[in-house]
$ cat my_file.txt   # compact mmCIF, C-alpha atoms
# COMPACT_ATOMS: atom_id res chain seq x y z
CA MET A 1 5.94 0.34 -15.61
CA ARG A 2 8.60 2.95 -15.44
CA ASN A 3 12.37 2.64 -15.39
CA SER A 4 13.34 2.23 -11.71
CA SER A 5 16.12 4.77 -12.12
CA SER A 6 13.62 7.61 -12.58
CA ARG A 7 13.97 10.40 -10.04
CA TRP A 8 12.25 13.61 -9.01
CA SER A 9 9.98 15.18 -11.61
CA LEU A 10 9.67 18.55 -9.85
CA PRO A 11 11.80 21.55 -10.86
CA ASP A 12 14.88 22.23 -8.75
CA ARG A 13 13.39 25.41 -7.29
CA ILE A 14 10.44 23.42 -5.89
CA ARG A 15 12.45 20.49 -4.57
CA GLY A 16 13.89 22.67 -1.84
CA LEU A 17 10.43 22.99 -0.29
CA TYR A 18 10.48 19.32 0.63
CA SER A 19 12.27 18.14 3.76
CA ARG A 20 13.27 14.83 2.19
CA VAL A 21 13.05 12.83 -1.00
CA MET A 22 10.67 9.90 -0.89
CA GLN A 23 13.02 6.94 -1.20
CA ALA A 24 10.24 4.41 -1.64
CA LEU A 25 6.47 4.63 -1.92
CA ILE A 26 4.47 1.51 -1.07
CA VAL A 27 1.04 1.60 -2.72
CA VAL A 28 -1.07 -0.94 -0.86
CA ASP A 29 -3.87 -2.85 -2.61
CA VAL A 30 -5.54 -0.16 -4.73
CA GLN A 31 -7.49 -2.90 -6.49
CA ASN A 32 -10.88 -3.02 -8.15
CA ASP A 33 -12.45 -5.18 -5.44
CA PHE A 34 -11.56 -2.57 -2.79
CA CYS A 35 -13.01 0.35 -4.77
CA PRO A 36 -16.66 1.31 -5.28
CA GLY A 37 -18.50 -1.48 -7.06
CA GLY A 38 -16.02 -4.09 -5.89
CA ALA A 39 -16.62 -7.18 -3.79
CA LEU A 40 -15.14 -5.59 -0.64
CA ALA A 41 -15.45 -1.91 -1.42
CA VAL A 42 -13.90 0.67 0.88
CA GLY A 43 -16.04 3.79 1.13
CA ASP A 44 -14.63 6.46 -1.19
CA GLY A 45 -11.77 4.06 -1.96
CA ASP A 46 -11.14 5.37 -5.45
CA ALA A 47 -10.52 8.87 -4.04
CA VAL A 48 -6.98 7.74 -3.17
CA VAL A 49 -5.99 7.30 -6.81
CA GLY A 50 -5.26 10.95 -7.62
CA PRO A 51 -3.17 11.63 -4.49
CA ILE A 52 -1.25 8.39 -5.00
CA ASN A 53 -0.42 9.24 -8.61
CA ARG A 54 0.92 12.62 -7.50
CA LEU A 55 3.05 11.08 -4.76
CA ALA A 56 4.34 8.39 -7.11
CA ARG A 57 5.73 11.00 -9.49
CA ASP A 58 8.00 12.26 -6.72
CA ALA A 59 9.22 8.94 -5.34
CA SER A 60 12.49 7.31 -6.29
CA PHE A 61 11.06 3.78 -6.15
CA VAL A 62 7.39 2.73 -6.23
CA VAL A 63 6.09 -0.68 -5.19
CA ALA A 64 2.44 -1.63 -5.53
CA THR A 65 1.09 -4.55 -3.54
CA ARG A 66 -1.89 -6.65 -4.52
CA ASP A 67 -4.00 -9.13 -2.63
CA TRP A 68 -3.63 -12.16 -4.89
CA HIS A 69 -5.70 -14.79 -3.14
CA PRO A 70 -6.33 -18.40 -4.12
CA PRO A 71 -10.03 -19.27 -4.55
CA ASP A 72 -10.05 -21.10 -1.20
CA HIS A 73 -8.42 -18.38 0.90
CA SER A 74 -9.17 -18.79 4.59
CA SER A 75 -10.31 -15.17 4.99
CA PHE A 76 -13.33 -15.77 2.75
CA SER A 77 -16.67 -16.24 4.49
CA VAL A 78 -17.35 -19.36 2.42
CA GLU A 79 -14.21 -20.85 3.99
CA GLY A 80 -15.14 -19.77 7.53
CA GLY A 81 -13.45 -16.36 7.38
CA VAL A 82 -14.83 -12.87 7.86
CA TRP A 83 -14.62 -11.32 4.39
CA PRO A 84 -16.56 -11.84 1.17
CA VAL A 85 -14.63 -13.47 -1.66
CA HIS A 86 -12.30 -10.79 -3.04
CA CYS A 87 -9.12 -10.29 -5.06
CA VAL A 88 -8.96 -13.85 -6.35
CA ARG A 89 -5.79 -14.09 -8.42
CA GLY A 90 -6.29 -13.59 -12.12
CA THR A 91 -9.76 -12.03 -11.81
CA PRO A 92 -10.68 -8.46 -12.77
CA GLY A 93 -11.37 -7.64 -9.13
CA ALA A 94 -7.75 -8.40 -8.24
CA GLU A 95 -6.31 -5.99 -10.80
CA LEU A 96 -5.10 -2.52 -9.89
CA HIS A 97 -7.70 0.22 -10.25
CA PRO A 98 -7.54 1.50 -13.85
CA GLY A 99 -6.90 5.04 -12.61
CA VAL A 100 -3.59 4.07 -11.03
CA ASP A 101 -0.77 5.31 -13.25
CA GLN A 102 1.11 2.06 -13.72
CA SER A 103 3.85 3.83 -15.66
CA GLN A 104 5.02 5.15 -12.27
CA ILE A 105 5.17 1.70 -10.66
CA ASP A 106 8.52 -0.09 -10.59
CA VAL A 107 7.46 -3.42 -9.10
CA ILE A 108 4.19 -5.18 -8.23
CA VAL A 109 4.39 -7.46 -5.19
CA ASP A 110 1.61 -10.02 -4.72
CA LYS A 111 0.61 -11.05 -1.20
CA GLY A 112 -1.95 -13.28 0.46
CA GLU A 113 -1.11 -16.06 -1.95
CA LEU A 114 -1.17 -18.82 0.68
CA SER A 115 -4.59 -20.10 1.71
CA ASP A 116 -3.85 -20.21 5.43
CA LEU A 117 -2.22 -16.78 5.89
CA GLU A 118 -4.15 -13.50 6.07
CA GLY A 119 -1.66 -11.63 3.93
CA TYR A 120 -2.63 -8.19 5.26
CA SER A 121 0.95 -6.95 5.28
CA GLY A 122 2.97 -6.37 2.15
CA PHE A 123 5.92 -7.88 4.03
CA GLU A 124 4.25 -11.21 4.89
CA GLU A 125 5.84 -14.00 2.83
CA THR A 126 6.85 -11.62 0.01
CA SER A 127 10.01 -10.14 -1.48
CA LEU A 128 9.18 -6.58 -0.38
CA GLU A 129 11.83 -6.19 2.32
CA ARG A 130 14.53 -7.62 0.06
CA LEU A 131 13.58 -5.23 -2.75
CA LEU A 132 13.85 -2.26 -0.39
CA ARG A 133 17.16 -3.39 1.13
CA GLU A 134 18.68 -3.93 -2.31
CA ARG A 135 18.04 -0.27 -3.08
CA GLY A 136 19.42 1.00 0.21
CA VAL A 137 16.03 2.29 1.35
CA ASP A 138 15.77 3.26 5.03
CA HIS A 139 12.46 5.16 4.95
CA VAL A 140 9.18 4.19 3.28
CA ASP A 141 6.01 6.14 2.58
CA VAL A 142 2.81 4.09 2.68
CA VAL A 143 -0.54 4.76 1.01
CA GLY A 144 -3.51 2.79 -0.29
CA LEU A 145 -6.29 0.56 0.99
CA ALA A 146 -7.33 0.04 3.62
CA LEU A 147 -5.96 2.18 6.45
CA ASP A 148 -7.28 -0.02 9.26
CA TYR A 149 -6.12 -3.31 7.75
CA CYS A 150 -3.51 -3.74 5.02
CA VAL A 151 -2.04 -0.23 5.16
CA LYS A 152 -1.71 -0.46 8.93
CA ALA A 153 -0.23 -3.96 8.83
CA THR A 154 2.28 -2.99 6.13
CA ALA A 155 3.36 0.16 7.97
CA LEU A 156 3.74 -1.67 11.29
CA ASP A 157 5.80 -4.44 9.69
CA ALA A 158 7.99 -1.82 8.03
CA ARG A 159 8.66 -0.30 11.47
CA ARG A 160 9.43 -3.74 12.94
CA ALA A 161 11.91 -4.26 10.11
CA GLY A 162 13.68 -1.04 11.10
CA PHE A 163 12.45 1.32 8.40
CA GLY A 164 11.33 4.85 9.08
CA VAL A 165 7.67 5.02 8.02
CA THR A 166 5.30 7.77 6.96
CA VAL A 167 1.62 7.09 6.22
CA HIS A 168 -0.14 9.69 4.08
CA ARG A 169 -3.67 9.99 5.48
CA GLY A 170 -5.02 11.80 2.42
CA ALA A 171 -3.99 8.90 0.19
CA THR A 172 -5.69 6.15 2.19
CA ARG A 173 -9.18 5.25 3.38
CA ALA A 174 -10.46 2.97 6.14
CA VAL A 175 -12.94 0.09 5.93
CA GLU A 176 -14.52 1.16 9.24
CA VAL A 177 -16.11 -2.22 10.06
CA SER A 178 -16.68 -0.56 13.43
CA PRO A 179 -16.99 3.23 13.60
CA GLY A 180 -13.70 4.79 14.60
CA ASP A 181 -11.49 1.99 13.25
CA GLY A 182 -9.61 4.47 11.10
CA GLU A 183 -8.77 6.75 14.01
CA ARG A 184 -7.79 3.81 16.17
CA ALA A 185 -5.46 2.64 13.39
CA VAL A 186 -3.82 6.07 13.33
CA GLU A 187 -3.33 5.98 17.09
CA GLU A 188 -1.76 2.50 16.86
CA LEU A 189 0.55 3.62 14.06
CA ARG A 190 1.72 6.69 15.93
CA ALA A 191 2.28 4.66 19.10
CA ALA A 192 4.58 2.40 17.05
CA GLY A 193 6.63 5.36 15.82
CA VAL A 194 4.96 5.79 12.43
CA GLU A 195 4.58 9.37 11.22
CA VAL A 196 1.04 10.05 9.97
CA VAL A 197 0.65 13.13 7.77
CA ASP A 198 -2.26 14.63 5.89
$ encode --input "my_file.txt" --output "structure tokens"
Amino acid sequence: MRNSSSRWSLPDRIRGLYSRVMQALIVVDVQNDFCPGGALAVGDGDAVVGPINRLARDASFVVATRDWHPPDHSSFSVEGGVWPVHCVRGTPGAELHPGVDQSQIDVIVDKGELSDLEGYSGFEETSLERLLRERGVDHVDVVGLALDYCVKATALDARRAGFGVTVHRGATRAVEVSPGDGERAVEELRAAGVEVVD
């Protein structure tokens, strides 16, 4: 993990092309179980890794979230939920994808640790909001997996907490349990005041 005081890596002449500095990048659940070959793979999920690494280099503060479920999590189909067993804490499937440049990550926040809570949002029963407030963050950029579930929930909770929010579409992918779920997620985000960019 990097020193949290690290700043822009781009030359001064290029910085001026950007309308704002990314104060905080939230990298949602880019874990082995959500990538090809994983227990709950998102189609083309590992394609987000390169764009996320590039964005992380230009963010002042980078937080990665992980699903970190107990073995009896209520979302699992064996417990009456809708999802296959995935991201069980301490297992290889719960670890960040090996392509993610962890030297750019300042903090890892685990979520979904309680059996009876979904834990879709990075803000649900975690320290994420406190970490952002402590650093004076008022705008967050959100990327990761999956657009129609945990990315959406995290972005919406960030808006409810009063943060400005930008979701980078090129650095996320949708599960698409039903066709069109990704587009519907984008519409819901925009209706809530979230900026969605390519």
$ residues_around --input "my_file.txt" --residues "A:Glu118" --least-positions-apart "6" --cutoff "12 Å" --atoms "only C-alpha atoms" --output "PyMOL selection string"
chain A and resi 67-70+73-76+81-83+111-112+124-125+149-150+153
$ closest_atom_pairs --input "my_file.txt" --of "stretch 84-168 of chain A" --to "stretch 23-27 of chain A" --cutoff "7 Å" --atoms "all atoms listed in the file" --output "tab-separated table"
residue	atom	partner	partner_atom	distance
A:Val137	CA	A:Gln23	CA	6.1
A:His139	CA	A:Gln23	CA	6.4
A:Val140	CA	A:Ala24	CA	5.0
A:Asp141	CA	A:Leu25	CA	4.8
A:Val142	CA	A:Ile26	CA	4.8
A:Val143	CA	A:Val27	CA	5.1
A:Gly144	CA	A:Val27	CA	5.3
$ atom_distance --input "my_file.txt" --atom1 "atom CA of A:Gly37" --atom2 "atom CA of A:Asp110"
22.0 Å
$ closest_residue --input "my_file.txt" --among "A:Leu128, A:Leu145, A:Val30, A:Val62" --to "A:Leu96" --atoms "only C-alpha atoms"
A:Val30
$ closest_atom_pairs --input "my_file.txt" --of "stretch 72-107 of chain A" --to "stretch 44-55 of chain A" --cutoff "9 Å" --atoms "all atoms listed in the file" --output "JSON lines"
{"residue": "A:His97", "atom": "CA", "partner": "A:Asp46", "partner_atom": "CA", "distance": 7.8}
{"residue": "A:Gly99", "atom": "CA", "partner": "A:Val49", "partner_atom": "CA", "distance": 6.3}
{"residue": "A:Val100", "atom": "CA", "partner": "A:Val49", "partner_atom": "CA", "distance": 5.8}
{"residue": "A:Asp101", "atom": "CA", "partner": "A:Asn53", "partner_atom": "CA", "distance": 6.1}
{"residue": "A:Gln102", "atom": "CA", "partner": "A:Asn53", "partner_atom": "CA", "distance": 8.9}
{"residue": "A:Gln104", "atom": "CA", "partner": "A:Asn53", "partner_atom": "CA", "distance": 7.7}
$ atom_distance --input "my_file.txt" --atom1 "atom CA of A:Ser103" --atom2 "atom CA of A:Cys35"
20.4 Å
$ closest_residue --input "my_file.txt" --among "A:Asp148, A:Leu40, A:Leu117, A:Phe61" --to "A:Glu134" --atoms "only C-alpha atoms"
A:Phe61
$ build_atoms --input "my_file.txt" --residues "stretch 103-122 of chain A" --atoms "N, CA and C atoms" --output "PDB file, in the coordinates of the input"
ATOM      1  N   SER A 103       2.552   3.440 -15.120  1.00  0.00           N
ATOM      2  CA  SER A 103       3.850   3.830 -15.660  1.00  0.00           C
ATOM      3  C   SER A 103       4.773   4.331 -14.555  1.00  0.00           C
ATOM      4  N   GLN A 104       4.217   4.681 -13.391  1.00  0.00           N
ATOM      5  CA  GLN A 104       5.020   5.150 -12.270  1.00  0.00           C
ATOM      6  C   GLN A 104       5.444   4.016 -11.332  1.00  0.00           C
ATOM      7  N   ILE A 105       4.915   2.827 -11.560  1.00  0.00           N
ATOM      8  CA  ILE A 105       5.170   1.700 -10.660  1.00  0.00           C
ATOM      9  C   ILE A 105       6.386   0.909 -11.156  1.00  0.00           C
ATOM     10  N   ASP A 106       7.324   0.671 -10.245  1.00  0.00           N
ATOM     11  CA  ASP A 106       8.520  -0.090 -10.590  1.00  0.00           C
ATOM     12  C   ASP A 106       8.331  -1.589 -10.437  1.00  0.00           C
ATOM     13  N   VAL A 107       7.638  -1.991  -9.389  1.00  0.00           N
ATOM     14  CA  VAL A 107       7.460  -3.420  -9.100  1.00  0.00           C
ATOM     15  C   VAL A 107       6.075  -3.640  -8.502  1.00  0.00           C
ATOM     16  N   ILE A 108       5.425  -4.734  -8.885  1.00  0.00           N
ATOM     17  CA  ILE A 108       4.190  -5.180  -8.230  1.00  0.00           C
ATOM     18  C   ILE A 108       4.537  -6.408  -7.392  1.00  0.00           C
ATOM     19  N   VAL A 109       4.154  -6.356  -6.115  1.00  0.00           N
ATOM     20  CA  VAL A 109       4.390  -7.460  -5.190  1.00  0.00           C
ATOM     21  C   VAL A 109       3.037  -8.058  -4.803  1.00  0.00           C
ATOM     22  N   ASP A 110       2.851  -9.338  -5.077  1.00  0.00           N
ATOM     23  CA  ASP A 110       1.610 -10.020  -4.720  1.00  0.00           C
ATOM     24  C   ASP A 110       1.716 -10.611  -3.329  1.00  0.00           C
ATOM     25  N   LYS A 111       0.622 -10.545  -2.579  1.00  0.00           N
ATOM     26  CA  LYS A 111       0.610 -11.050  -1.200  1.00  0.00           C
ATOM     27  C   LYS A 111      -0.693 -11.812  -0.970  1.00  0.00           C
ATOM     28  N   GLY A 112      -0.750 -12.500   0.169  1.00  0.00           N
ATOM     29  CA  GLY A 112      -1.950 -13.280   0.460  1.00  0.00           C
ATOM     30  C   GLY A 112      -2.140 -14.456  -0.470  1.00  0.00           C
ATOM     31  N   GLU A 113      -1.025 -14.973  -0.969  1.00  0.00           N
ATOM     32  CA  GLU A 113      -1.110 -16.060  -1.950  1.00  0.00           C
ATOM     33  C   GLU A 113      -1.293 -17.433  -1.316  1.00  0.00           C
ATOM     34  N   LEU A 114      -1.014 -17.540  -0.017  1.00  0.00           N
ATOM     35  CA  LEU A 114      -1.170 -18.820   0.680  1.00  0.00           C
ATOM     36  C   LEU A 114      -2.535 -18.867   1.353  1.00  0.00           C
ATOM     37  N   SER A 115      -3.220 -19.986   1.227  1.00  0.00           N
ATOM     38  CA  SER A 115      -4.590 -20.100   1.710  1.00  0.00           C
ATOM     39  C   SER A 115      -4.721 -19.849   3.205  1.00  0.00           C
ATOM     40  N   ASP A 116      -3.711 -20.237   3.979  1.00  0.00           N
ATOM     41  CA  ASP A 116      -3.850 -20.210   5.430  1.00  0.00           C
ATOM     42  C   ASP A 116      -3.239 -18.987   6.097  1.00  0.00           C
ATOM     43  N   LEU A 117      -2.758 -17.999   5.317  1.00  0.00           N
ATOM     44  CA  LEU A 117      -2.220 -16.780   5.890  1.00  0.00           C
ATOM     45  C   LEU A 117      -3.055 -15.581   5.451  1.00  0.00           C
ATOM     46  N   GLU A 118      -3.307 -14.648   6.386  1.00  0.00           N
ATOM     47  CA  GLU A 118      -4.150 -13.500   6.070  1.00  0.00           C
ATOM     48  C   GLU A 118      -3.575 -12.675   4.915  1.00  0.00           C
ATOM     49  N   GLY A 119      -2.281 -12.412   4.989  1.00  0.00           N
ATOM     50  CA  GLY A 119      -1.660 -11.630   3.930  1.00  0.00           C
ATOM     51  C   GLY A 119      -2.021 -10.154   3.977  1.00  0.00           C
ATOM     52  N   TYR A 120      -2.351  -9.628   5.158  1.00  0.00           N
ATOM     53  CA  TYR A 120      -2.630  -8.190   5.260  1.00  0.00           C
ATOM     54  C   TYR A 120      -1.404  -7.350   4.926  1.00  0.00           C
ATOM     55  N   SER A 121      -0.262  -7.753   5.444  1.00  0.00           N
ATOM     56  CA  SER A 121       0.950  -6.950   5.280  1.00  0.00           C
ATOM     57  C   SER A 121       1.666  -7.256   3.969  1.00  0.00           C
ATOM     58  N   GLY A 122       2.171  -6.187   3.352  1.00  0.00           N
ATOM     59  CA  GLY A 122       2.970  -6.370   2.150  1.00  0.00           C
ATOM     60  C   GLY A 122       4.284  -7.073   2.396  1.00  0.00           C
TER      61      GLY A 122
END
